[in-house]
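**Student:** For reference, this is final_13.csv, and it has CSV, C-alpha atoms.
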chain,number,residue,atom,x,y,z
R,199,MET,CA,31.0,14.2,23.1
R,200,ARG,CA,29.4,17.5,22.3
R,201,LEU,CA,26.1,17.3,20.4
R,202,GLY,CA,26.2,20.8,18.9
R,203,PRO,CA,28.8,20.1,16.1
R,204,LEU,CA,27.1,16.8,15.3
R,205,ILE,CA,23.7,18.4,14.9
R,206,ILE,CA,25.1,21.1,12.7
R,207,CYS,CA,26.8,18.5,10.5
R,208,LEU,CA,23.6,16.5,10.2
R,209,THR,CA,21.6,19.6,9.4
R,210,LEU,CA,24.0,20.6,6.6
R,211,ALA,CA,24.0,17.1,5.2
R,212,ALA,CA,20.2,17.0,5.2
R,213,SER,CA,20.2,20.4,3.5
R,214,SER,CA,22.6,19.3,0.8
R,215,VAL,CA,20.5,16.2,0.1
R,216,ALA,CA,17.3,18.2,-0.1
R,217,ARG,CA,18.9,20.6,-2.6
R,218,ALA,CA,20.6,17.9,-4.7
R,219,GLN,CA,19.9,17.9,-8.4
R,220,ILE,CA,18.2,14.9,-10.0
R,221,PRO,CA,20.0,13.8,-13.2
R,222,ARG,CA,18.1,14.7,-16.3
R,223,ASP,CA,18.0,11.2,-17.6
R,224,ASP,CA,16.3,10.0,-14.4
R,225,PHE,CA,12.9,11.4,-15.4
R,226,ARG,CA,10.5,9.4,-17.5
R,227,PHE,CA,8.5,12.3,-19.0
R,228,ARG,CA,8.6,16.0,-19.8
R,229,VAL,CA,6.3,18.7,-21.1
R,230,PRO,CA,7.7,21.7,-23.0
R,231,LEU,CA,6.8,25.3,-22.1
R,232,GLU,CA,5.4,26.9,-25.3
R,233,GLY,CA,7.5,29.7,-26.9
R,234,THR,CA,10.9,31.2,-26.3
R,235,LEU,CA,11.3,32.4,-22.7
R,236,THR,CA,13.3,35.5,-21.6
R,237,SER,CA,15.9,35.4,-18.9
R,238,GLY,CA,14.8,37.0,-15.6
R,239,ALA,CA,11.1,37.0,-16.5
R,240,LEU,CA,8.5,35.5,-14.2
R,241,TYR,CA,6.1,32.9,-15.7
R,242,ARG,CA,3.1,31.0,-14.5
R,243,VAL,CA,2.2,27.6,-16.1
R,244,LEU,CA,-1.1,25.8,-15.5
R,245,ILE,CA,-0.2,22.2,-14.5
R,246,PRO,CA,-1.9,19.8,-17.0
R,247,GLY,CA,-3.4,16.5,-15.9
R,248,PRO,CA,-0.7,14.3,-17.5
R,249,ILE,CA,1.9,15.7,-15.1
R,250,PHE,CA,-0.1,14.3,-12.1
R,251,SER,CA,-0.6,10.9,-13.7
R,252,GLY,CA,3.0,10.6,-14.8
R,253,SER,CA,4.6,11.8,-11.5
R,254,GLN,CA,5.9,9.2,-9.0
R,255,SER,CA,5.5,11.7,-6.0
R,256,PHE,CA,4.2,15.1,-7.0
R,257,PRO,CA,5.8,17.6,-6.6
R,258,ALA,CA,8.9,16.0,-5.1
R,259,ASP,CA,9.9,14.5,-8.5
R,260,LEU,CA,9.2,17.6,-10.6
R,261,ARG,CA,11.9,19.9,-11.9
R,262,LEU,CA,12.1,22.7,-14.5
R,263,LEU,CA,15.2,22.6,-16.7
R,264,ASP,CA,16.3,24.6,-19.7
R,265,GLU,CA,17.8,23.2,-23.0
R,266,HIS,CA,21.2,23.0,-21.3
R,267,GLY,CA,20.0,21.1,-18.3
R,268,ALA,CA,20.3,24.0,-15.9
R,269,GLU,CA,17.6,24.0,-13.2
R,270,TRP,CA,15.2,26.9,-12.9
R,271,PRO,CA,13.7,28.0,-9.5
R,272,PHE,CA,10.0,27.3,-9.1
R,273,PHE,CA,7.2,26.6,-6.7
R,274,ILE,CA,3.7,25.3,-6.8
R,275,GLN,CA,0.8,27.8,-6.5
R,276,GLN,CA,-2.7,26.7,-6.0
R,277,SER,CA,-6.0,28.5,-5.5
R,278,ASP,CA,-8.2,27.7,-2.5
R,279,ASP,CA,-11.1,29.6,-4.1
R,280,ASP,CA,-14.0,27.2,-4.9
R,281,GLU,CA,-15.0,29.3,-7.9
R,282,SER,CA,-11.7,28.6,-9.6
R,283,LEU,CA,-12.0,24.8,-9.3
R,284,THR,CA,-11.4,22.9,-12.5
R,285,PRO,CA,-14.0,20.3,-13.7
R,286,THR,CA,-12.5,16.9,-14.5
R,287,PRO,CA,-14.4,14.0,-16.0
R,288,LEU,CA,-15.1,10.7,-14.4
R,289,SER,CA,-15.7,7.5,-16.3
R,290,GLN,CA,-18.2,5.1,-14.8
R,291,LEU,CA,-17.0,1.5,-14.5
R,292,SER,CA,-18.5,-1.9,-14.1
R,293,PRO,CA,-18.2,-3.4,-10.7
R,294,PRO,CA,-14.8,-5.0,-10.1
R,295,THR,CA,-14.5,-8.8,-9.7
R,296,ASP,CA,-13.9,-8.5,-6.0
R,297,TYR,CA,-17.0,-6.4,-5.3
R,298,VAL,CA,-19.6,-8.0,-3.0
R,299,PRO,CA,-23.0,-6.3,-3.2
R,300,GLN,CA,-24.4,-5.2,0.2
R,301,GLU,CA,-28.1,-5.0,1.0
R,302,ASP,CA,-29.6,-1.4,0.9
R,303,ILE,CA,-26.3,0.0,-0.4
R,304,GLN,CA,-26.0,1.2,-4.0
R,305,SER,CA,-22.3,1.1,-5.1
R,306,VAL,CA,-21.2,3.1,-8.2
R,307,PHE,CA,-17.6,2.9,-9.5
R,308,PHE,CA,-15.6,5.7,-11.3
R,309,GLU,CA,-12.2,6.2,-12.8
R,310,PRO,CA,-10.8,9.8,-12.8
R,311,GLN,CA,-9.2,11.0,-16.0
R,312,PHE,CA,-5.8,11.5,-14.4
R,313,GLU,CA,-4.5,9.3,-11.6
R,314,HIS,CA,-2.8,11.2,-8.6
R,315,GLN,CA,-4.6,14.5,-9.5
R,316,PRO,CA,-5.8,15.9,-6.2
R,317,LEU,CA,-9.6,16.1,-6.3
R,318,ARG,CA,-11.6,18.4,-4.0
R,319,PHE,CA,-15.2,17.4,-4.7
R,320,LEU,CA,-17.2,14.7,-6.3
R,321,VAL,CA,-20.3,16.2,-8.0
R,322,LEU,CA,-23.4,14.1,-8.8
R,323,ASN,CA,-26.3,14.9,-11.1
R,324,VAL,CA,-29.4,12.9,-9.8
R,325,GLU,CA,-32.7,12.4,-11.7
R,326,ASN,CA,-34.8,11.6,-8.6
R,327,LYS,CA,-37.2,14.5,-7.7
R,328,GLU,CA,-36.7,14.5,-3.9
R,329,PHE,CA,-34.2,12.6,-1.9
R,330,THR,CA,-31.7,12.6,1.0
R,331,ARG,CA,-29.0,10.0,1.2
R,332,PRO,CA,-25.9,9.4,3.3
R,333,ILE,CA,-22.8,8.9,1.1
R,334,LYS,CA,-19.3,7.4,1.5
R,335,VAL,CA,-16.6,7.5,-1.1
R,336,PHE,CA,-13.6,5.1,-1.2
R,337,GLY,CA,-10.5,5.0,-3.3
R,338,ARG,CA,-7.7,2.7,-4.4
R,339,HIS,CA,-4.9,2.6,-6.9
R,340,SER,CA,-5.2,-1.0,-8.2
R,341,ASP,CA,-7.6,-3.9,-8.5
R,342,LEU,CA,-5.8,-5.7,-5.7
R,343,ALA,CA,-5.6,-2.9,-3.2
R,344,ARG,CA,-7.9,-2.4,-0.3
R,345,TRP,CA,-10.5,0.4,-0.5
R,346,ARG,CA,-9.6,3.4,1.6
R,347,LEU,CA,-12.2,5.9,2.9
R,348,VAL,CA,-11.8,9.2,1.0
R,349,GLY,CA,-14.8,11.2,2.1
R,350,ASN,CA,-18.3,11.0,3.5
R,351,GLY,CA,-21.4,13.2,3.9
R,352,ALA,CA,-24.9,13.5,2.5
R,353,ILE,CA,-26.6,14.7,-0.6
R,354,HIS,CA,-30.2,15.9,-0.8
R,355,ARG,CA,-32.9,17.7,-2.8
R,356,ILE,CA,-35.7,18.8,-0.6
R,357,GLU,CA,-38.2,21.7,-1.0
R,358,GLY,CA,-36.0,23.5,-3.5
R,359,LEU,CA,-32.8,23.1,-1.5
R,360,GLU,CA,-30.1,20.9,-3.0
R,361,ARG,CA,-26.6,19.6,-2.2
R,362,ASN,CA,-25.0,17.4,-4.7
R,363,LYS,CA,-21.3,17.2,-3.9
R,364,ILE,CA,-19.0,15.3,-1.5
R,365,ASN,CA,-15.6,16.6,-0.2
R,366,LEU,CA,-12.8,14.3,-1.4
R,367,HIS,CA,-10.1,16.2,0.6
R,368,ASN,CA,-7.7,16.5,-2.4
R,369,ASN,CA,-7.1,12.7,-2.7
R,370,GLY,CA,-6.0,11.4,-6.1
R,371,PHE,CA,-6.8,7.7,-6.4
R,372,ARG,CA,-7.0,5.8,-9.6
R,373,TYR,CA,-10.4,4.3,-8.8
R,374,LEU,CA,-13.4,5.6,-6.8
R,375,ARG,CA,-16.3,3.7,-5.2
R,376,LEU,CA,-19.4,5.6,-4.3
R,377,ASP,CA,-21.6,4.0,-1.7
R,378,VAL,CA,-25.2,5.4,-1.5
R,379,TYR,CA,-27.1,4.3,1.7
R,380,ASN,CA,-30.6,3.9,0.3
R,381,TYR,CA,-31.9,1.7,3.1
R,382,GLU,CA,-35.6,1.2,2.2
R,383,GLU,CA,-35.8,4.1,-0.3
R,384,PRO,CA,-35.5,3.7,-4.1
R,385,GLU,CA,-32.0,3.7,-5.7
R,386,LEU,CA,-30.8,7.0,-7.0
R,387,VAL,CA,-30.7,7.5,-10.7
R,388,ILE,CA,-27.3,9.1,-11.2
R,389,THR,CA,-27.2,10.6,-14.7
R,390,ASP,CA,-23.8,12.2,-14.6
R,391,ALA,CA,-20.8,12.6,-12.3
R,392,HIS,CA,-17.6,14.7,-12.4
R,393,ALA,CA,-14.9,15.9,-10.0
R,394,LEU,CA,-13.7,19.4,-9.2
R,395,ALA,CA,-9.9,19.9,-8.7
R,396,GLU,CA,-8.0,22.8,-7.4
R,397,THR,CA,-6.3,24.8,-10.1
R,398,GLN,CA,-2.5,24.5,-9.7
R,399,PHE,CA,0.3,26.4,-11.3
R,400,VAL,CA,4.1,26.1,-11.6
R,401,VAL,CA,5.6,29.6,-11.0
R,402,THR,CA,9.2,30.0,-12.3
R,403,ARG,CA,11.7,32.7,-13.0
R,404,ALA,CA,13.6,32.0,-16.2
R,405,ALA,CA,17.4,31.6,-15.5
R,406,SER,CA,18.2,31.8,-19.2
R,407,SER,CA,16.6,32.8,-22.5
R,408,GLY,CA,15.4,30.0,-24.7
R,409,ARG,CA,13.3,26.9,-24.3
R,410,ALA,CA,12.5,25.0,-21.1
R,411,TRP,CA,10.7,21.8,-20.0
R,412,ILE,CA,9.0,20.5,-16.9
R,413,TYR,CA,10.5,17.1,-16.1
R,414,PHE,CA,8.7,14.6,-14.0
R,415,GLY,CA,8.3,10.9,-13.2
R,416,SER,CA,11.5,10.1,-11.3
R,417,ASP,CA,12.1,7.5,-8.6
R,418,THR,CA,14.5,9.9,-6.9
R,419,PHE,CA,12.7,12.1,-4.4
R,420,PHE,CA,14.7,15.2,-3.3
R,421,LEU,CA,12.7,18.1,-2.0
R,422,PRO,CA,12.7,20.9,-4.6
R,423,ARG,CA,13.9,24.4,-3.6
R,424,PHE,CA,10.9,26.7,-3.2
R,425,ASP,CA,13.0,29.8,-2.3
R,426,LEU,CA,11.4,31.8,-5.1
R,427,GLN,CA,8.1,31.7,-3.3
R,428,HIS,CA,9.4,33.8,-0.4
R,429,SER,CA,11.1,36.4,-2.6
R,430,LEU,CA,8.1,37.5,-4.7
R,431,SER,CA,5.6,40.3,-3.9
R,432,ARG,CA,1.9,39.9,-4.5
R,433,THR,CA,2.2,42.3,-7.4
R,434,GLU,CA,4.9,40.3,-9.1
R,435,LEU,CA,3.0,37.1,-8.7
R,436,THR,CA,-0.2,38.7,-10.1
R,437,ASN,CA,1.7,40.1,-13.1
R,438,ALA,CA,3.5,36.8,-13.9
R,439,THR,CA,3.3,36.0,-17.6
R,440,PRO,CA,1.0,33.0,-18.3
R,441,VAL,CA,2.7,30.2,-20.4
R,442,SER,CA,1.0,27.1,-21.8
R,443,ALA,CA,2.5,23.6,-21.4
R,444,GLY,CA,2.7,21.3,-24.4
R,445,ALA,CA,1.9,17.7,-24.8
R,446,ARG,CA,3.6,15.1,-22.5
R,447,GLU,CA,6.5,13.3,-24.2
R,448,ARG,CA,9.0,10.6,-23.3
R,449,ASN,CA,12.2,12.1,-21.9
R,450,PRO,CA,14.7,11.6,-24.8
R,451,TYR,CA,17.7,11.6,-22.4
R,452,ARG,CA,16.2,8.6,-20.5
R,453,LEU,CA,15.4,6.9,-23.9
R,454,THR,CA,19.1,7.3,-24.9
R,455,GLN,CA,20.2,5.8,-21.5
R,456,GLU,CA,17.8,2.9,-21.9
R,457,ILE,CA,19.0,2.2,-25.5
R,458,TRP,CA,22.6,2.2,-24.3
R,459,LEU,CA,21.8,-0.1,-21.4
R,460,TYR,CA,20.0,-2.5,-23.7
R,461,ALA,CA,22.9,-2.4,-26.2
R,462,ARG,CA,25.3,-3.1,-23.4
R,463,LEU,CA,23.2,-6.0,-22.2
R,464,LEU,CA,23.0,-7.4,-25.7
R,465,LEU,CA,26.8,-7.1,-26.0
R,466,TYR,CA,27.2,-9.1,-22.8
R,467,VAL,CA,24.8,-11.8,-24.1
R,468,VAL,CA,26.7,-12.0,-27.4
R,469,LEU,CA,30.1,-12.2,-25.6
R,470,ASP,CA,28.8,-14.8,-23.2
R,471,GLY,CA,27.4,-16.8,-26.1
R,472,GLY,CA,30.8,-16.5,-27.9
R,473,VAL,CA,32.6,-17.8,-24.8
R,474,ILE,CA,30.2,-20.7,-24.4
R,475,PHE,CA,30.6,-21.6,-28.1
R,476,ILE,CA,34.4,-21.5,-27.9
R,477,ALA,CA,34.3,-23.6,-24.7
R,478,LEU,CA,32.0,-26.2,-26.3
R,479,ALA,CA,34.2,-26.3,-29.5
R,480,TRP,CA,37.3,-26.8,-27.4
R,481,MET,CA,35.7,-29.6,-25.3
R,482,LYS,CA,34.5,-31.3,-28.5
R,483,LYS,CA,38.0,-31.1,-30.0
R,484,PHE,CA,39.5,-32.5,-26.8
R,485,ARG,CA,37.1,-35.4,-26.7
R,486,THR,CA,38.0,-36.2,-30.4
R,487,ARG,CA,41.7,-36.3,-29.6
R,488,SER,CA,41.1,-38.4,-26.5
R,489,GLY,CA,39.1,-40.9,-28.5
Show me the file's structure as C-alpha cells.
**Tutor:**
Amino acid sequence: MRLGPLIICLTLAASSVARAQIPRDDFRFRVPLEGTLTSGALYRVLIPGPIFSGSQSFPADLRLLDEHGAEWPFFIQQSDDDESLTPTPLSQLSPPTDYVPQEDIQSVFFEPQFEHQPLRFLVLNVENKEFTRPIKVFGRHSDLARWRLVGNGAIHRIEGLERNKINLHNNGFRYLRLDVYNYEEPELVITDAHALAETQFVVTRAASSGRAWIYFGSDTFFLPRFDLQHSLSRTELTNATPVSAGARERNPYRLTQEIWLYARLLLYVVLDGGVIFIALAWMKKFRTRSG
C-alpha cells in the first residue's frame, strides 16, 4: 500500500477539523464589541480579564461572530514590551486547610483577579529596610490540586539597589503560594502585591457591517484560523481601529438550548409519570376484578 495518498487524506482531514466552526450555542459566554462596525475595516480589541476566566482553553475556544452567526477572521496579538504590561490585582488569602507550615519558610497566599490570565511577573512591596531573600512561587487551580512550581528567584534591597519581582512565565493559576526563605532572618513585611500581565488584543477584519461578539467558554477545541495575521502589513496593524469590549454576558443561544433541553426532560418525566399512573390504575382495577 502506498503511504502518499494516505498521508494526504489524513492531512486534509486534520485541516478540515482544525477549520471546523463551533456551533454558536456551544459557547457559555460572549462579550459585545462596542458600536457598529464597518465591513472590511480592521479592528483591535483589548482582551478583558473575564474572557480569560471564562475560557475553557484560551484561545482555542474563542471565536468572533456577527449578529447572523458568520465567523470573522481574527488572531491574538500580544506585546512583549515590559513597559506595556498591565497591572492586575492580587487578593491575599488565609492559609488553606491543607497547608503545613515549614520552619524558616514564610508562606503567603494570593488569588489573582482572573483565573487563566497569563501573568508575567509577581511584584512585591516590602516594608523591611534592607533584605535579600530567595523566593519560590507555586500555583494550583483548586483546593484539592497539588501545588506546581511557577517561578523562582530572589528579591533584595541592598545599598540603594532593589529587585522586587519574580517571573511567573505567563502562568495563569487560580491560586498562588509565595514561599519566602527567611532562614534565620526576620520575616518580610509585605505591604502589597500585584501581578503584571502581557497586554493582549484580538485583531479582526469585519466580514460584515453591524454588530459582533467575542464568544468563548466552549468544551469543543478546534484550532482557530489565524490566516489574517500573515496577510497584514505592519502599517495596517498599527492603524487598526481600537474597539472596546462590553461586559461579559451569558450566551443567549446556549440559554435557549438549555431551556429547551430542560423542557424536553420535564416532558419525559411527565410522560413517564403518566405511564406509571396508568399502569398502577390498570393493576388496581385488575386486582379488584380478580378479587
**Student:** Rounded to one decimal in Å, what is the spacing between atom CA of Tyr241 of chain R and atom CA of Pro285 of chain R?
**Tutor:**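 These two atoms are separated by 23.8 Å.
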**Student:** Rank nothing, just name the residue among R:Val229, R:Leu342, R:Ala393, R:Ala404 nearest to Pro248 of chain R, using all atoms listed in the file.
**Tutor:**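 Going through R:Val229, R:Leu342, R:Ala393, R:Ala404 one by one, the smallest distance to Pro248 of chain R is for R:Val229.
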**Student:** Skip segment 286-301 of chain R itself and residues of its chain fewer than 5 positions away, then list as a compact mmCIF listing (two decimals) with C-alpha atoms, in the coordinates of the input all residues within 9 Å of it, counting all atoms listed in the file.
**Tutor:**
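Result file follows (out.txt):
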# COMPACT_ATOMS: atom_id res chain seq x y z
CA VAL R 306 -21.20 3.10 -8.20
CA PHE R 307 -17.60 2.90 -9.50
CA PHE R 308 -15.60 5.70 -11.30
CA GLU R 309 -12.20 6.20 -12.80
CA PRO R 310 -10.80 9.80 -12.80
CA GLN R 311 -9.20 11.00 -16.00
CA PHE R 312 -5.80 11.50 -14.40
CA LEU R 317 -9.60 16.10 -6.30
CA ASP R 341 -7.60 -3.90 -8.50
CA LEU R 342 -5.80 -5.70 -5.70
CA TYR R 381 -31.90 1.70 3.10
CA ASP R 390 -23.80 12.20 -14.60
CA ALA R 391 -20.80 12.60 -12.30
CA HIS R 392 -17.60 14.70 -12.40
CA ALA R 393 -14.90 15.90 -10.00
CA LEU R 394 -13.70 19.40 -9.20
CA ALA R 395 -9.90 19.90 -8.70
**Student:** Counting only C-alpha atoms, what is within 12 Å of segment 376-378 of chain R, bar same-chain residues fewer than 2 positions away, as a PyMOL selection string?
**Tutor:** chain R and resi 290-291+293+297+299-309+320-322+324+329-337+345-354+363-364+366+373-374+380-388+391
**Student:** What's the 12 Å shell around Ala239 of chain R, counting all atoms listed in the file, without same-chain residues fewer than 6 positions away, as a PyMOL selection string?
**Tutor:** chain R and resi 270-271+401-408+434-435+437-441
**Student:** Taking C-alpha atoms for each residue, export the selection above as an mmCIF file, in the coordinates of the input.
**Tutor:**
data_model
loop_
_atom_site.group_PDB
_atom_site.id
_atom_site.type_symbol
_atom_site.label_atom_id
_atom_site.label_comp_id
_atom_site.auth_asym_id
_atom_site.auth_seq_id
_atom_site.Cartn_x
_atom_site.Cartn_y
_atom_site.Cartn_z
ATOM 1 C CA TRP R 270 15.200 26.900 -12.900
ATOM 2 C CA PRO R 271 13.700 28.000 -9.500
ATOM 3 C CA VAL R 401 5.600 29.600 -11.000
ATOM 4 C CA THR R 402 9.200 30.000 -12.300
ATOM 5 C CA ARG R 403 11.700 32.700 -13.000
ATOM 6 C CA ALA R 404 13.600 32.000 -16.200
ATOM 7 C CA ALA R 405 17.400 31.600 -15.500
ATOM 8 C CA SER R 406 18.200 31.800 -19.200
ATOM 9 C CA SER R 407 16.600 32.800 -22.500
ATOM 10 C CA GLY R 408 15.400 30.000 -24.700
ATOM 11 C CA GLU R 434 4.900 40.300 -9.100
ATOM 12 C CA LEU R 435 3.000 37.100 -8.700
ATOM 13 C CA ASN R 437 1.700 40.100 -13.100
ATOM 14 C CA ALA R 438 3.500 36.800 -13.900
ATOM 15 C CA THR R 439 3.300 36.000 -17.600
ATOM 16 C CA PRO R 440 1.000 33.000 -18.300
ATOM 17 C CA VAL R 441 2.700 30.200 -20.400
#
**Student:** May I have the protein, DNA and RNA residues with an atom at most 9 Å from (7.0, 23.7, -26.5), counting all atoms listed in the file in the file's coordinates, returned as a ChimeraX atom specification?
**Tutor:** /R:229-234,409-411,442-445
**Student:** With all atoms listed in the file as the atoms that count, which of R:Ser255, R:Thr389, R:Thr236, R:Asn323 lies nearest to Pro422 of chain R?
**Tutor:**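 With all atoms listed in the file as the atom set, the closest residue is R:Ser255.
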**Student:** Kindly give the distance, in Å, that separates atom CA of Leu263 of chain R and atom CA of Arg423 of chain R, rounded to a single decimal.
**Tutor:**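 So the answer is 13.3 Å.
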**Student:** Report the distance between atom CA of Ser277 of chain R and atom CA of Gln398 of chain R in Å, rounded to one decimal place.
**Tutor:**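 Interatomic distance here is 6.8 Å.
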**Student:** For Ile220 of chain R, which residue among R:Gly238, R:Gly358, R:Gly267, R:Pro316 is the nearest when counting all atoms listed in the file?
**Tutor:**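 Checking each candidate against Ile220 of chain R, we get R:Gly267 as the closest.
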**Student:** When you count all atoms listed in the file, which of these residues is closest to Phe420 of chain R: R:Leu260, R:Ala268, R:Ile474, R:Ile356?
**Tutor:**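 Selected residue with least distance to Phe420 of chain R: R:Leu260.
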**Student:** Pick out the closest residue to Arg228 of chain R from this set: R:Arg446, R:Lys327, R:Arg338, R:Arg452. Count only C-alpha atoms.
**Tutor:** R:Arg446
**Student:** Write out as a list in words each polymer residue whose atoms come within 8 Å of Asp417 of chain R, counting only C-alpha atoms; drop sequence neighbours fewer than 5 positions from it.
**Tutor:**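 Contacts, with the query itself left out: Asp224, Phe225, Gln254 and Asp259 of chain R.
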**Student:** Residues of the last selection are to be written out with C-alpha atoms, as a PDB file, keeping the file's coordinate frame.
**Tutor:**
ATOM      1  CA  ASP R 224      16.300  10.000 -14.400  1.00  0.00           C
ATOM      2  CA  PHE R 225      12.900  11.400 -15.400  1.00  0.00           C
ATOM      3  CA  GLN R 254       5.900   9.200  -9.000  1.00  0.00           C
ATOM      4  CA  ASP R 259       9.900  14.500  -8.500  1.00  0.00           C
TER       5      ASP R 259
END
